Amino acid sequence: MAEYVGILRPYNRGGIVETGNRDFGDIWIPEQNLSGAPFGMQVVCEADPPEPQKMSTGRIIEVLGDPSRPDVAIQAIIRSYGLSETFPQAVQVAADQLPREILEEEITEELRLGRKDLRTLKTWTIDGLDAKDLDDALSYEALPEGKMRVYVHIADVTHYVKEGSPIDREAASRGTSVYLVDRVIPMQPPALSNGICSLNPDQDRFALTVRLDYDSDGRFLTGEIFESIIRSDVRGNYDDVWKMIESGEPVAGYEKIFDGIMALHKLSRLLRKKRLSNGSLNFVTMETKVELDSEGHPIDIYPEPSTEANELIEEFMIQANVFVAKRFDYMEAPFIYRVHEKPDPDKIARFFTVAKRIGADVRTPHELTPKSLATVLDEIRDHQYSAVLSQLLLQAQAKARYDEMCLGHFGLAIHYYCHFTSPIRRYPDLFIHRVIKGYLHGRPKIKRWNSLAPERAEHSSIMERVAMQAERDTVDQKIAEYMAEHLGEMYEGTISGMTFGGMFVRLDNSAEGMVPYQGMDDYYVFSEEQMLVQGEHSRRVFRIGDRVKIQVAKADPIRRLVDFVLVDEKSEGTVEPSHIDEDEQERIRERSEEFRSRRREDRESQPLRAEDIISGRRREFTGSKNKSKGGKSKNSPKSKKKSKKKKKNKKSRGKGKKNKK
């Protein structure tokens with residue numbers, strides 16, 4: 001039995017839980033399984049996994065509440081992805097036993113065993129204003145002859161989380177922390193993630209430190225990794241650091257680390273320039289920031305800025321990750337690497353077709369390499385549709401994942417890469433910390449870690465995708481709630497995508513919605529080859545990247561959908577000669593038919609939804625105890641007997657009419 005989340009609707013004497021997910025279908029709830037749940041509520045039900053063209057039968061196990069309430073909507077998303085905000089009792093008991101601070105006796109023993117004392121080194125963290133799980137810190141030292149030394153300190157989580165312990169098993173299961181629009185679901189218990197492992201200021205903390213030395217031109221010289229104890233001097237944030245970078249003056253509270261931050265900023269720019277010149281892909285992406293009031297209602301939406309302060313931290317995390325991956329790959333240690341494979345050639349070919357169709361002066365590379373695509377990004381940077389073209393090229397890339405083999409990272413244009421810098425919130429980092437410490441102490445569990453790495457890598461990749469989708473859904477939820485309060489209002493935006501059903505428009509505040517073709521004045525034909533739509537009669541053309549003015553027509557917070565209409569269709573787009581010749585029209589018809597055929601096949605392979613039952617497409621339920629010997633459910637909406645009776649009555653009425661004539 002699995003759990004499903006949806007809205008309970010009345011149906012006959014029972015109900016149907018509308019999950020809103022085609023993969024799950026909807027769930028039939030017999031009267032005796034309603035458990036007193038009121039209709040119209042967001043509920044959790046238990047049912048057998050769905051089968052193609054059948055509707056599972058389940059029972060209500062929990063009522064979450066009114067789906068229009070913000071907290072209920074977020075809870076529904078959390079439960080639908082199988083996430084949990086609470087930890088099992090064994091994990092909580094183990095977390096309660098963790099120390100709140102490091103005792104002097106433990107420090108003395110750790111130093112005796114070889115841990116290095118770096119507490120006199122000026123050290124700081126730089127994170128978002130609301131971050132509580134501070135797992136990385138930096139230090140800087142100027143060396144003779146213009147050389148520079150950087151320390152990347154990472155929380156030593158494995159000092160407290162032993163392999164196979166309740167906390168470790170739960171962390172492995174969760175795979176990652178999940179950062180939703182209004183809360184964090186941590187991978188580790190808060191006593192650890194926000195407490196003894198968080199590199200909070202003015203507190204002694206155990207760390208794994210990577211020391212990196214560079215010459216005056218930013219060339220890497222040598223490095224080392226070791227266990228340390230540190231004491232952060234300042235809890236910095238991106239906003240303050242960016243102010244200092246812009247002004248060249250210290251912000252209050254940063255005086256004693258100001259010179260170190262400015263030196264690291266200068267070095268990070270050198271390192272970033274070298275990395276980009278080697279072919280590292282520099283995609284400009286836009287994250288949506290949603291501001292909420294105390295009750296969880298959205299009050300503002302805007303694109304979250306990324307500054308050189310963010311780039312500073314990102315650069316040194318990349319440098320540490322590369323150093324660690326290279327060191328342990330050479331040692332042939334059991335490990336988990338972050339890999340990013342070559343993009344799909346067909347997707348890349350489609351990108352170049354679209355780019356050239358909309359007038360971008362790009363050259364198709366003879367060989368698909370990071371450097372060749374980096375050149376393309378430079379070529380389109382000043383184009384009218386640069387943001388859209390960059391997004392299309394990003395969408396053509398493979399998805400990064402975890403693997404026990406060092407397969408390289410295409411996007412960063414490097415062969416050696418891993419995730420080492422966030423063991424509080426990512427399990428692969430925790431896994432390799434354990435490996436590193438095993439080798440540092442001369443006690444590696446090679447056989448065991450080799451057997452664990454493939455499963456841990458695959459599961460972490462899956463949970464990363466789950467987390468990303470859950471995060472995206474909560475943002476979409478708040479966008480729909482926000483737009484529901486702004487119906488009828490007008491905004492400017494950019495056409496960001498197209499399908500056979502409509503055009504997507506991203507507003508300047510970063511919210512996105514669809515302009516359905518069916519609400520437009522003309523019949524619009526979508527050319528997937530050219531990524532444009534053209535009116536059949538008006539010849540009006542809309543392309544990806546076009547600026548348009550829209551009005552918010554509809555917002556559905558329950559389904560997390562927003563629909564727009566063009567304010568003045570006749571003043572938008574451009575009227576042009578037909579771009580779609582007869583040959584392409586034939587291809588479009590063929591693709592449309594293929595699309596409809598695939599949808600029919602998908603429908604045949606998918607579980608039933610309430611609308612299928614109501615429309616009478618299929619009337620089969622699985623898991624119901626109220627089945628006759630013939631297998632037909634007594635609770636099904638209509639029996640075959642009744643259908644035959646209706647047909648017979650229809651025929652009789654038809655005969656009567658003929659006789660009258």
# chains A, B, ... in the order shown; residues from 1 in each chain; ligands from 1

call {"tool": "residues_around", "arguments": {"residues": "Leu377 in chain A", "least_positions_apart": "6", "cutoff": "12 Å", "atoms": "only C-alpha atoms", "output": "list in words"}}
result
Leu276, Gly279, Ser280, Leu281, Asn282, Phe283, Val284, Phe351, Phe352, Ala355, Ala360, Asp361, Val362, Arg363, Pro370, Lys371, His383, Tyr385, Ser386, Ala387, Val388, Leu389, Ser390, Gln391, Leu392, Leu393 and Leu394 of chain A

call {"tool": "residues_around", "arguments": {"residues": "Pro250 in chain A", "least_positions_apart": "4", "cutoff": "10 Å", "atoms": "only C-alpha atoms", "output": "PyMOL selection string"}}
result
chain A and resi 240-241+243-245+254-259+261-262

call {"tool": "atom_distance", "arguments": {"atom1": "CA of Arg547 in chain A", "atom2": "CA of Phe500 in chain A"}}
result
19.9 Å

call {"tool": "closest_atom_pairs", "arguments": {"of": "range 311-429 of chain A", "to": "range 462-483 of chain A", "cutoff": "12 Å", "atoms": "only C-alpha atoms", "output": "JSON lines"}}
result
{"residue": "A:Lys399", "atom": "CA", "partner": "A:Arg465", "partner_atom": "CA", "distance": 9.6}
{"residue": "A:Ala400", "atom": "CA", "partner": "A:Glu464", "partner_atom": "CA", "distance": 10.1}
{"residue": "A:Arg401", "atom": "CA", "partner": "A:Glu464", "partner_atom": "CA", "distance": 8.6}
{"residue": "A:Tyr402", "atom": "CA", "partner": "A:Ile462", "partner_atom": "CA", "distance": 9.4}
{"residue": "A:Asp403", "atom": "CA", "partner": "A:Ile462", "partner_atom": "CA", "distance": 11.8}
{"residue": "A:Arg425", "atom": "CA", "partner": "A:Glu464", "partner_atom": "CA", "distance": 10.8}
{"residue": "A:Arg426", "atom": "CA", "partner": "A:Glu464", "partner_atom": "CA", "distance": 8.8}
{"residue": "A:Tyr427", "atom": "CA", "partner": "A:Met463", "partner_atom": "CA", "distance": 10.0}
{"residue": "A:Pro428", "atom": "CA", "partner": "A:Glu464", "partner_atom": "CA", "distance": 10.8}

call {"tool": "closest_residue", "arguments": {"among": "A:Met514, A:Ala396, A:Ala555, A:Val533", "to": "Glu576 in chain A", "atoms": "only C-alpha atoms"}}
result
A:Val533

call {"tool": "select_by_dssp", "arguments": {"residues": "range 21-93 of chain A", "states": "strand (DSSP E or B)", "output": "list in words"}}
result
Ile27, Trp28, Ile29, Gln42, Val43, Val44, Cys45, Glu46, Ala47, Met55, Ser56, Thr57, Gly58, Arg59, Ile60, Ile61, Glu62, Val63, Leu64 and Gly65 of chain A

call {"tool": "residues_around", "arguments": {"residues": "Pro10 in chain A", "least_positions_apart": "3", "cutoff": "12 Å", "atoms": "only C-alpha atoms", "output": "compact mmCIF listing (two decimals) with C-alpha atoms, in the first residue's frame"}}
result
# COMPACT_ATOMS: atom_id res chain seq x y z
CA ILE A 7 -8.81 16.56 -2.77
CA ARG A 13 -22.15 6.91 -1.90
CA GLY A 14 -18.39 7.16 -1.66
CA GLY A 15 -15.83 9.59 -2.96
CA ILE A 16 -12.90 10.10 -5.28
CA VAL A 17 -9.53 11.54 -4.29
CA GLU A 18 -8.33 13.73 -7.16
CA ILE A 27 -8.42 7.00 -6.06
CA TRP A 28 -11.91 5.56 -5.51
CA ILE A 29 -12.96 5.69 -1.83
CA PRO A 30 -15.93 3.42 -0.92
CA GLU A 31 -18.35 4.81 1.65
CA LEU A 34 -14.24 7.59 4.05
CA ALA A 37 -13.51 12.83 6.11
CA PRO A 38 -15.43 15.90 4.85
CA PHE A 39 -15.64 16.43 1.10
CA GLY A 40 -13.65 19.25 -0.45
CA MET A 41 -10.73 18.72 1.94
CA ALA A 610 -12.29 11.07 -12.06

call {"tool": "residues_around", "arguments": {"residues": "Val324 in chain A", "least_positions_apart": "3", "cutoff": "8 Å", "atoms": "only C-alpha atoms", "output": "ChimeraX atom specification"}}
result
/A:225,320-321,327-328,417-418,420

call {"tool": "residues_around", "arguments": {"residues": "Arg211 in chain A", "least_positions_apart": "6", "cutoff": "12 Å", "atoms": "only C-alpha atoms", "output": "MDAnalysis selection string"}}
result
chainID A and resid 116 118 138:141 148:154 220:228 316:317 319:321 323:324

call {"tool": "residues_around", "arguments": {"residues": "Pro88 in chain A", "least_positions_apart": "5", "cutoff": "10 Å", "atoms": "only C-alpha atoms", "output": "PDB file with C-alpha atoms, in the first residue's frame"}}
result
ATOM      1  CA  VAL A  93      16.853  10.150  20.707  1.00  0.00           C
ATOM      2  CA  PRO A 166      20.139   5.883  13.210  1.00  0.00           C
ATOM      3  CA  ILE A 167      21.077   9.431  12.118  1.00  0.00           C
ATOM      4  CA  GLU A 170      17.935   8.437   8.015  1.00  0.00           C
TER       5      GLU A 170
END

call {"tool": "closest_atom_pairs", "arguments": {"of": "range 201-265 of chain A", "to": "range 97-115 of chain A", "cutoff": "10 Å", "atoms": "only C-alpha atoms", "output": "CSV"}}
result
residue,atom,partner,partner_atom,distance
A:Gln203,CA,A:Glu101,CA,7.9
A:Asp204,CA,A:Ile102,CA,6.7
A:Arg205,CA,A:Ile102,CA,7.2
A:Phe206,CA,A:Ile102,CA,8.6
A:Ala207,CA,A:Arg115,CA,9.2
A:Leu208,CA,A:Arg115,CA,9.3
A:Phe226,CA,A:Arg115,CA,7.3
A:Glu227,CA,A:Arg115,CA,5.0
A:Ser228,CA,A:Arg115,CA,5.0
A:Ile229,CA,A:Arg115,CA,7.0

call {"tool": "write_last_selection", "arguments": {"atoms": "C-alpha atoms", "output": "PDB file, in the first residue's frame"}}
result
ATOM      1  CA  GLN A 203      32.099  28.779  18.840  1.00  0.00           C
ATOM      2  CA  ASP A 204      34.713  26.025  18.549  1.00  0.00           C
ATOM      3  CA  ARG A 205      33.844  23.611  15.750  1.00  0.00           C
ATOM      4  CA  PHE A 206      35.471  20.519  14.257  1.00  0.00           C
ATOM      5  CA  ALA A 207      36.070  20.726  10.507  1.00  0.00           C
ATOM      6  CA  LEU A 208      37.662  19.061   7.515  1.00  0.00           C
ATOM      7  CA  PHE A 226      43.242  17.501   7.110  1.00  0.00           C
ATOM      8  CA  GLU A 227      41.050  17.485  10.229  1.00  0.00           C
ATOM      9  CA  SER A 228      40.941  20.788  12.083  1.00  0.00           C
ATOM     10  CA  ILE A 229      39.287  22.785  14.813  1.00  0.00           C
TER      11      ILE A 229
END

call {"tool": "atom_distance", "arguments": {"atom1": "CA of Ala90 in chain A", "atom2": "CA of Ala453 in chain A"}}
result
24.7 Å

call {"tool": "closest_residue", "arguments": {"among": "A:Ile358, A:Ile318, A:Arg381, A:Pro444", "to": "Leu532 in chain A", "atoms": "only C-alpha atoms"}}
result
A:Ile358

call {"tool": "select_by_dssp", "arguments": {"residues": "range 306-338 of chain A", "states": "helix (DSSP H, G or I)", "output": "JSON, numbers by chain"}}
result
{"A": [308, 309, 310, 311, 312, 313, 314, 315, 316, 317, 318, 319, 320, 321, 322, 323, 324, 325, 326, 327, 328, 329, 330]}

call {"tool": "write_last_selection", "arguments": {"atoms": "N, CA and C atoms", "output": "PDB file, in the first residue's frame"}}
result
ATOM      1  N   GLU A 308      28.587  39.037  -7.212  1.00  0.00           N
ATOM      2  CA  GLU A 308      29.958  38.542  -7.110  1.00  0.00           C
ATOM      3  C   GLU A 308      30.259  37.979  -5.719  1.00  0.00           C
ATOM      4  N   ALA A 309      29.441  38.309  -4.737  1.00  0.00           N
ATOM      5  CA  ALA A 309      29.597  37.699  -3.410  1.00  0.00           C
ATOM      6  C   ALA A 309      29.238  36.219  -3.485  1.00  0.00           C
ATOM      7  N   ASN A 310      28.146  35.901  -4.215  1.00  0.00           N
ATOM      8  CA  ASN A 310      27.781  34.499  -4.427  1.00  0.00           C
ATOM      9  C   ASN A 310      28.869  33.785  -5.224  1.00  0.00           C
ATOM     10  N   GLU A 311      29.378  34.477  -6.255  1.00  0.00           N
ATOM     11  CA  GLU A 311      30.408  33.872  -7.108  1.00  0.00           C
ATOM     12  C   GLU A 311      31.686  33.591  -6.333  1.00  0.00           C
ATOM     13  N   LEU A 312      32.014  34.455  -5.360  1.00  0.00           N
ATOM     14  CA  LEU A 312      33.208  34.255  -4.541  1.00  0.00           C
ATOM     15  C   LEU A 312      33.132  32.912  -3.816  1.00  0.00           C
ATOM     16  N   ILE A 313      32.023  32.688  -3.126  1.00  0.00           N
ATOM     17  CA  ILE A 313      31.857  31.425  -2.391  1.00  0.00           C
ATOM     18  C   ILE A 313      31.821  30.250  -3.362  1.00  0.00           C
ATOM     19  N   GLU A 314      31.053  30.397  -4.446  1.00  0.00           N
ATOM     20  CA  GLU A 314      30.929  29.317  -5.432  1.00  0.00           C
ATOM     21  C   GLU A 314      32.295  28.907  -5.972  1.00  0.00           C
ATOM     22  N   GLU A 315      33.155  29.880  -6.238  1.00  0.00           N
ATOM     23  CA  GLU A 315      34.453  29.588  -6.850  1.00  0.00           C
ATOM     24  C   GLU A 315      35.336  28.750  -5.928  1.00  0.00           C
ATOM     25  N   PHE A 316      35.367  29.102  -4.654  1.00  0.00           N
ATOM     26  CA  PHE A 316      36.252  28.352  -3.754  1.00  0.00           C
ATOM     27  C   PHE A 316      35.665  26.992  -3.375  1.00  0.00           C
ATOM     28  N   MET A 317      34.345  26.873  -3.430  1.00  0.00           N
ATOM     29  CA  MET A 317      33.747  25.549  -3.239  1.00  0.00           C
ATOM     30  C   MET A 317      34.106  24.643  -4.432  1.00  0.00           C
ATOM     31  N   ILE A 318      34.079  25.202  -5.644  1.00  0.00           N
ATOM     32  CA  ILE A 318      34.473  24.438  -6.836  1.00  0.00           C
ATOM     33  C   ILE A 318      35.937  24.013  -6.722  1.00  0.00           C
ATOM     34  N   GLN A 319      36.798  24.940  -6.315  1.00  0.00           N
ATOM     35  CA  GLN A 319      38.226  24.633  -6.197  1.00  0.00           C
ATOM     36  C   GLN A 319      38.467  23.498  -5.201  1.00  0.00           C
ATOM     37  N   ALA A 320      37.766  23.536  -4.062  1.00  0.00           N
ATOM     38  CA  ALA A 320      37.920  22.483  -3.055  1.00  0.00           C
ATOM     39  C   ALA A 320      37.392  21.154  -3.583  1.00  0.00           C
ATOM     40  N   ASN A 321      36.253  21.182  -4.267  1.00  0.00           N
ATOM     41  CA  ASN A 321      35.663  19.958  -4.819  1.00  0.00           C
ATOM     42  C   ASN A 321      36.585  19.301  -5.845  1.00  0.00           C
ATOM     43  N   VAL A 322      37.197  20.124  -6.691  1.00  0.00           N
ATOM     44  CA  VAL A 322      38.118  19.608  -7.714  1.00  0.00           C
ATOM     45  C   VAL A 322      39.337  18.973  -7.050  1.00  0.00           C
ATOM     46  N   PHE A 323      39.912  19.668  -6.071  1.00  0.00           N
ATOM     47  CA  PHE A 323      41.108  19.157  -5.394  1.00  0.00           C
ATOM     48  C   PHE A 323      40.832  17.798  -4.742  1.00  0.00           C
ATOM     49  N   VAL A 324      39.725  17.696  -4.031  1.00  0.00           N
ATOM     50  CA  VAL A 324      39.390  16.455  -3.325  1.00  0.00           C
ATOM     51  C   VAL A 324      39.132  15.325  -4.317  1.00  0.00           C
ATOM     52  N   ALA A 325      38.358  15.603  -5.378  1.00  0.00           N
ATOM     53  CA  ALA A 325      38.042  14.558  -6.365  1.00  0.00           C
ATOM     54  C   ALA A 325      39.314  14.038  -7.032  1.00  0.00           C
ATOM     55  N   LYS A 326      40.191  14.950  -7.412  1.00  0.00           N
ATOM     56  CA  LYS A 326      41.432  14.546  -8.087  1.00  0.00           C
ATOM     57  C   LYS A 326      42.311  13.716  -7.159  1.00  0.00           C
ATOM     58  N   ARG A 327      42.445  14.146  -5.908  1.00  0.00           N
ATOM     59  CA  ARG A 327      43.292  13.453  -4.945  1.00  0.00           C
ATOM     60  C   ARG A 327      42.813  12.007  -4.731  1.00  0.00           C
ATOM     61  N   PHE A 328      41.506  11.814  -4.568  1.00  0.00           N
ATOM     62  CA  PHE A 328      41.026  10.479  -4.222  1.00  0.00           C
ATOM     63  C   PHE A 328      40.781   9.593  -5.449  1.00  0.00           C
ATOM     64  N   ASP A 329      40.629  10.219  -6.629  1.00  0.00           N
ATOM     65  CA  ASP A 329      40.593   9.398  -7.836  1.00  0.00           C
ATOM     66  C   ASP A 329      41.972   8.805  -8.105  1.00  0.00           C
ATOM     67  N   TYR A 330      43.031   9.610  -7.907  1.00  0.00           N
ATOM     68  CA  TYR A 330      44.399   9.101  -8.068  1.00  0.00           C
ATOM     69  C   TYR A 330      44.679   7.961  -7.101  1.00  0.00           C
TER      70      TYR A 330
END

call {"tool": "atom_distance", "arguments": {"atom1": "CA of Thr209 in chain A", "atom2": "CA of Glu341 in chain A"}}
result
29.0 Å

call {"tool": "residues_around", "arguments": {"residues": "Asp563 in chain A", "least_positions_apart": "6", "cutoff": "7 Å", "atoms": "only C-alpha atoms", "output": "list in words"}}
result
Gly513, Met514, Val515, Val552, Ala553, Lys554 and Ala555 of chain A

call {"tool": "write_last_selection", "arguments": {"atoms": "N, CA and C atoms", "output": "PDB file, in the first residue's frame"}}
result
ATOM      1  N   GLY A 513       3.283  32.114 -16.613  1.00  0.00           N
ATOM      2  CA  GLY A 513       1.942  31.600 -16.877  1.00  0.00           C
ATOM      3  C   GLY A 513       1.800  31.308 -18.357  1.00  0.00           C
ATOM      4  N   MET A 514       0.623  30.800 -18.735  1.00  0.00           N
ATOM      5  CA  MET A 514       0.394  30.426 -20.135  1.00  0.00           C
ATOM      6  C   MET A 514      -0.678  31.295 -20.780  1.00  0.00           C
ATOM      7  N   VAL A 515      -0.440  31.629 -22.038  1.00  0.00           N
ATOM      8  CA  VAL A 515      -1.462  32.245 -22.886  1.00  0.00           C
ATOM      9  C   VAL A 515      -1.982  31.144 -23.798  1.00  0.00           C
ATOM     10  N   VAL A 552      -3.701  39.148 -16.283  1.00  0.00           N
ATOM     11  CA  VAL A 552      -3.904  37.903 -15.537  1.00  0.00           C
ATOM     12  C   VAL A 552      -5.375  37.512 -15.656  1.00  0.00           C
ATOM     13  N   ALA A 553      -5.632  36.386 -16.320  1.00  0.00           N
ATOM     14  CA  ALA A 553      -7.005  35.962 -16.585  1.00  0.00           C
ATOM     15  C   ALA A 553      -7.507  34.947 -15.568  1.00  0.00           C
ATOM     16  N   LYS A 554      -6.617  34.076 -15.120  1.00  0.00           N
ATOM     17  CA  LYS A 554      -7.054  32.989 -14.242  1.00  0.00           C
ATOM     18  C   LYS A 554      -5.869  32.518 -13.414  1.00  0.00           C
ATOM     19  N   ALA A 555      -6.120  32.202 -12.163  1.00  0.00           N
ATOM     20  CA  ALA A 555      -5.090  31.627 -11.293  1.00  0.00           C
ATOM     21  C   ALA A 555      -5.750  30.555 -10.437  1.00  0.00           C
TER      22      ALA A 555
END
